[in-house]
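Here is the structure we will look at.
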Amino acid sequence: MNDVTLILAAIEQGDSHAAERLLPIVYEELRKLAAHRLADERPGQTLQATALVHEAFLRLVNTDEAQRWNSRGHFFGAAAEAMRRILVEQARRKQRVRHGGGLQRVDLDVQLAVSSAADDNLLALDEALERLAAEQAEAAEVVKLRYFAGLTIEETAAALNVSVRTVNRHWAYARAWLYQQLN
Amino acid sequence: MTTESPSARSVFDHAVELTSEAERQAYLDDACAGSLEIRQQVEALLRAYTDAGSFLEQPAVGGDATVHQEPAILEGPGTVIGPYKLLQQIGEGGMGVVFMAEQTEPIQRTVALKIIKPGMDTRQVIARFEAERQALAVMDHPNIARVLDAGTTNVDRSLLERNESVDLSLREREFISRSEMATLGRPYFVMDLVKGVPITDYCDQQHLPVRARLELMADVCQAVQHAHQKGIIHRDLKPSNVLVAEYDGKPVPKIIDFGVAKATAQRLTEKTMFTELGQLVGTVEYMSPEQARFNQLDVDTRSDIYSLGVLLYELLAGSTPIGR
């Protein structure tokens, strides 16, 4: 079993420190994959969050082993968090370039296209999302999985081990709440 | 908050699942009895929920994003586009921004110039417009504002050069050139400038009696009839596209945007119906059932008749038959 599979097994067994070890590995893998995909990308083609995350899962996790546990959920949770960090860092970096910090060479190894939000919007959204997490942690988690990892409602339900109905409820509330905060 | 009063979250969860407005109000009356604060919170959330449209429905990365970066609206008063000089912004809708513009050649006149928002394939829009241009040109009716011209906005090189001065990696440069291809050079339409207000607003402002409303509507119907006989379907008849202006003290309705809806195929797919911020582009209330199903192939002159019916209903009853 590789690292990630072991970590997932440890999380399953209630090892709370294991989750902390998962995030950096998933983060690195997603960055690598994204950079790799972008190198091959032709104009008009786009990178899909959901494709990246699923590919990272297949690469990092021994799926035969993982089938036995409810480990996909932990993995996708880490992947959503990693995607969020990558995008937020990227948006901050671009802001710095715009504000004059770009005189120093900035190495942009990963440059993901943000589809529906400009960078400022992404940062504002991220801040609002943090506030939501303080009040409604599960609703915020649903947003992370849906928006940053690109999971469907059904996949999100499976990852959080809750019903589709519950995900729909969180999703409706979170979208309304965040929209209100940002408008 | 006392322990007995329900949380805004739980009231919202329940209220959002109620489909009829009456049921919702009744539930809110009941659930928020005694707590105005909760009720206001929930009502604000419900409004946000309605307004949110497709907000967040596209993942941050990927989705349908062929537009890599949200391009800034580069055009403003003073910008010259072909033979047109933009004077001032006179409107903004889901589909684009409308400017009053001065045409310098071959003749000097003031026109309305609508720049379509990013996200549509410029070449396709222009090609579709060209295909219908001949038909549009033979439309000649006092109640129809003519579409005079269409084209593509210029690429603003200065913006790219400004970026160039910042030290960017190859990767980022590549992205700029890509977004240039995808987004710079957007389609625009030039139309007769109509200094009027939407027909519904006009009728209400002037407190027009039923007879006068019907007379205006009859003119509108004549105009649509004329267009249909020339083989042109409007596809997006609604109050904001039927403007009333006074000529010699007499109200004259003018239908604008003939040919624009078809060129931009704005109801072809759900994607084009929503702007990136999740605002609805088309106005569903005036949409015929076949259009609401996004099936462009099924749209014929009857769709316009349906929209006229909704418009007439609104002029007489004060609201659309199907609520907002």
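Starting from 1 in every chain, residues are counted up; chains themselves are A, B, ... following the order of the structure tokens, and ligands are numbered from 1 as listed.
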### Message
Need to verify the contact set: Leu132 in chain A, 10 Å, only C-alpha atoms, exclusion of same-chain residues closer than 3 positions in sequence. Can you return it as a list of chain:residue names?
### Response
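The filter keeps A:Asp126, A:Glu127, A:Ala128, A:Leu129, A:Glu135, A:Gln136, A:Ala137, A:Glu138, A:Ala139, A:Ala140, A:Glu141, A:Val143, A:Ala174, A:Trp177, A:Leu178, A:Gln181.
The neighbours of His226 in chain B here are the residues that come within 9 Å of it, using only C-alpha atoms and leaving out any residue fewer than 5 positions away in the same chain; they are Met139, Asp140, His141, Cys221, Gly231 and Ile232 of chain B.
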Residues from last step as file, N, CA and C atoms, as a tab-separated table (two decimals), in the first residue's frame:
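Result went into result01.tsv, see below:
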chain	number	residue	atom	x	y	z
B	139	MET	N	-36.95	45.05	-44.20
B	139	MET	CA	-37.97	45.42	-43.23
B	139	MET	C	-38.05	46.93	-43.20
B	140	ASP	N	-39.23	47.46	-43.40
B	140	ASP	CA	-39.35	48.91	-43.40
B	140	ASP	C	-40.70	49.25	-42.80
B	141	HIS	N	-40.69	49.64	-41.54
B	141	HIS	CA	-41.95	49.88	-40.86
B	141	HIS	C	-41.75	50.96	-39.82
B	221	CYS	N	-48.53	45.13	-32.97
B	221	CYS	CA	-48.93	43.91	-33.70
B	221	CYS	C	-48.72	44.10	-35.21
B	231	GLY	N	-40.46	37.36	-43.22
B	231	GLY	CA	-39.72	36.16	-42.80
B	231	GLY	C	-38.80	36.37	-41.60
B	232	ILE	N	-39.05	37.42	-40.83
B	232	ILE	CA	-38.19	37.68	-39.67
B	232	ILE	C	-38.97	37.43	-38.37
### Query
Looking at B:Asp13, B:Glu246, B:Glu43, B:Glu23, which one is nearest to Tyr202 in chain B, with distances taken over only C-alpha atoms?
B:Glu246
Skip range 153-157 of chain A itself and residues of its chain fewer than 2 positions away, then list as a PDB file with N, CA and C atoms, in the first residue's frame all residues within 10 Å of it, counting only C-alpha atoms.
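The result, stored in out_0.pdb:
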ATOM      1  N   ARG A  72     -13.061   7.448   0.073  1.00  0.00           N
ATOM      2  CA  ARG A  72     -13.193   8.443  -0.998  1.00  0.00           C
ATOM      3  C   ARG A  72     -13.552   9.806  -0.423  1.00  0.00           C
ATOM      4  N   GLY A  73     -14.444   9.783   0.550  1.00  0.00           N
ATOM      5  CA  GLY A  73     -14.903  11.023   1.167  1.00  0.00           C
ATOM      6  C   GLY A  73     -13.750  11.827   1.742  1.00  0.00           C
ATOM      7  N   PHE A  76     -11.613  13.201  -1.158  1.00  0.00           N
ATOM      8  CA  PHE A  76     -12.195  14.337  -1.885  1.00  0.00           C
ATOM      9  C   PHE A  76     -12.247  15.588  -1.018  1.00  0.00           C
ATOM     10  N   GLY A  77     -12.434  15.392   0.266  1.00  0.00           N
ATOM     11  CA  GLY A  77     -12.399  16.534   1.175  1.00  0.00           C
ATOM     12  C   GLY A  77     -11.035  17.216   1.114  1.00  0.00           C
ATOM     13  N   GLU A 141     -18.683  22.912   3.706  1.00  0.00           N
ATOM     14  CA  GLU A 141     -17.991  21.743   3.160  1.00  0.00           C
ATOM     15  C   GLU A 141     -18.599  21.337   1.812  1.00  0.00           C
ATOM     16  N   VAL A 142     -19.916  21.418   1.732  1.00  0.00           N
ATOM     17  CA  VAL A 142     -20.598  21.096   0.476  1.00  0.00           C
ATOM     18  C   VAL A 142     -20.119  22.050  -0.628  1.00  0.00           C
ATOM     19  N   VAL A 143     -19.981  23.333  -0.296  1.00  0.00           N
ATOM     20  CA  VAL A 143     -19.522  24.298  -1.302  1.00  0.00           C
ATOM     21  C   VAL A 143     -18.109  23.946  -1.766  1.00  0.00           C
ATOM     22  N   LYS A 144     -17.251  23.593  -0.826  1.00  0.00           N
ATOM     23  CA  LYS A 144     -15.880  23.244  -1.206  1.00  0.00           C
ATOM     24  C   LYS A 144     -15.861  22.066  -2.176  1.00  0.00           C
ATOM     25  N   LEU A 145     -16.629  21.036  -1.839  1.00  0.00           N
ATOM     26  CA  LEU A 145     -16.629  19.842  -2.693  1.00  0.00           C
ATOM     27  C   LEU A 145     -17.238  20.132  -4.054  1.00  0.00           C
ATOM     28  N   ARG A 146     -18.326  20.919  -4.063  1.00  0.00           N
ATOM     29  CA  ARG A 146     -19.015  21.211  -5.313  1.00  0.00           C
ATOM     30  C   ARG A 146     -18.213  22.194  -6.159  1.00  0.00           C
ATOM     31  N   ALA A 149     -13.810  21.171  -5.939  1.00  0.00           N
ATOM     32  CA  ALA A 149     -13.445  19.858  -6.467  1.00  0.00           C
ATOM     33  C   ALA A 149     -14.348  19.449  -7.626  1.00  0.00           C
ATOM     34  N   GLY A 150     -15.408  20.209  -7.883  1.00  0.00           N
ATOM     35  CA  GLY A 150     -16.272  19.932  -9.029  1.00  0.00           C
ATOM     36  C   GLY A 150     -17.109  18.676  -8.888  1.00  0.00           C
ATOM     37  N   LEU A 151     -17.368  18.248  -7.666  1.00  0.00           N
ATOM     38  CA  LEU A 151     -18.172  17.034  -7.490  1.00  0.00           C
ATOM     39  C   LEU A 151     -19.660  17.325  -7.753  1.00  0.00           C
ATOM     40  N   ALA A 159     -19.416  11.473  -0.589  1.00  0.00           N
ATOM     41  CA  ALA A 159     -18.184  11.867   0.093  1.00  0.00           C
ATOM     42  C   ALA A 159     -18.446  12.257   1.547  1.00  0.00           C
ATOM     43  N   LEU A 160     -19.581  12.887   1.788  1.00  0.00           N
ATOM     44  CA  LEU A 160     -19.879  13.330   3.150  1.00  0.00           C
ATOM     45  C   LEU A 160     -20.673  12.283   3.923  1.00  0.00           C
ATOM     46  N   ASN A 161     -21.027  11.204   3.208  1.00  0.00           N
ATOM     47  CA  ASN A 161     -21.804  10.138   3.815  1.00  0.00           C
ATOM     48  C   ASN A 161     -23.139  10.655   4.365  1.00  0.00           C
ATOM     49  N   VAL A 162     -23.796  11.476   3.564  1.00  0.00           N
ATOM     50  CA  VAL A 162     -25.131  11.956   3.930  1.00  0.00           C
ATOM     51  C   VAL A 162     -26.052  11.757   2.724  1.00  0.00           C
ATOM     52  N   SER A 163     -27.333  12.045   2.891  1.00  0.00           N
ATOM     53  CA  SER A 163     -28.271  11.830   1.792  1.00  0.00           C
ATOM     54  C   SER A 163     -28.182  12.958   0.774  1.00  0.00           C
ATOM     55  N   VAL A 164     -28.637  12.651  -0.442  1.00  0.00           N
ATOM     56  CA  VAL A 164     -28.686  13.646  -1.507  1.00  0.00           C
ATOM     57  C   VAL A 164     -29.553  14.829  -1.072  1.00  0.00           C
ATOM     58  N   ARG A 165     -30.623  14.508  -0.382  1.00  0.00           N
ATOM     59  CA  ARG A 165     -31.534  15.550   0.099  1.00  0.00           C
ATOM     60  C   ARG A 165     -30.818  16.536   1.033  1.00  0.00           C
ATOM     61  N   THR A 166     -30.004  15.974   1.892  1.00  0.00           N
ATOM     62  CA  THR A 166     -29.256  16.830   2.822  1.00  0.00           C
ATOM     63  C   THR A 166     -28.290  17.736   2.064  1.00  0.00           C
ATOM     64  N   VAL A 167     -27.604  17.153   1.071  1.00  0.00           N
ATOM     65  CA  VAL A 167     -26.664  17.964   0.281  1.00  0.00           C
ATOM     66  C   VAL A 167     -27.425  19.084  -0.425  1.00  0.00           C
ATOM     67  N   ASN A 168     -28.561  18.736  -1.008  1.00  0.00           N
ATOM     68  CA  ASN A 168     -29.361  19.759  -1.689  1.00  0.00           C
ATOM     69  C   ASN A 168     -29.748  20.886  -0.738  1.00  0.00           C
ATOM     70  N   TRP A 171     -26.696  22.975   0.022  1.00  0.00           N
ATOM     71  CA  TRP A 171     -26.294  23.678  -1.202  1.00  0.00           C
ATOM     72  C   TRP A 171     -27.196  24.894  -1.426  1.00  0.00           C
TER      73      TRP A 171
END
### Task
Excluding Ala112 in chain B and residues on its chain fewer than 3 positions from it, collect all residues at most 12 Å away from it, counting only C-alpha atoms, and give them as a PyMOL selection string.
chain B and resi 84-91+97-103+109+115+145-150+188-195+256-257
### Task
Could you give me, as an MDAnalysis selection string, the residues within 12 Å of Gln40 in chain B, counting only C-alpha atoms and dropping anything in the same chain fewer than 5 positions from it?
chainID B and resid 7:8 11:12 28:29 32:35 45:47
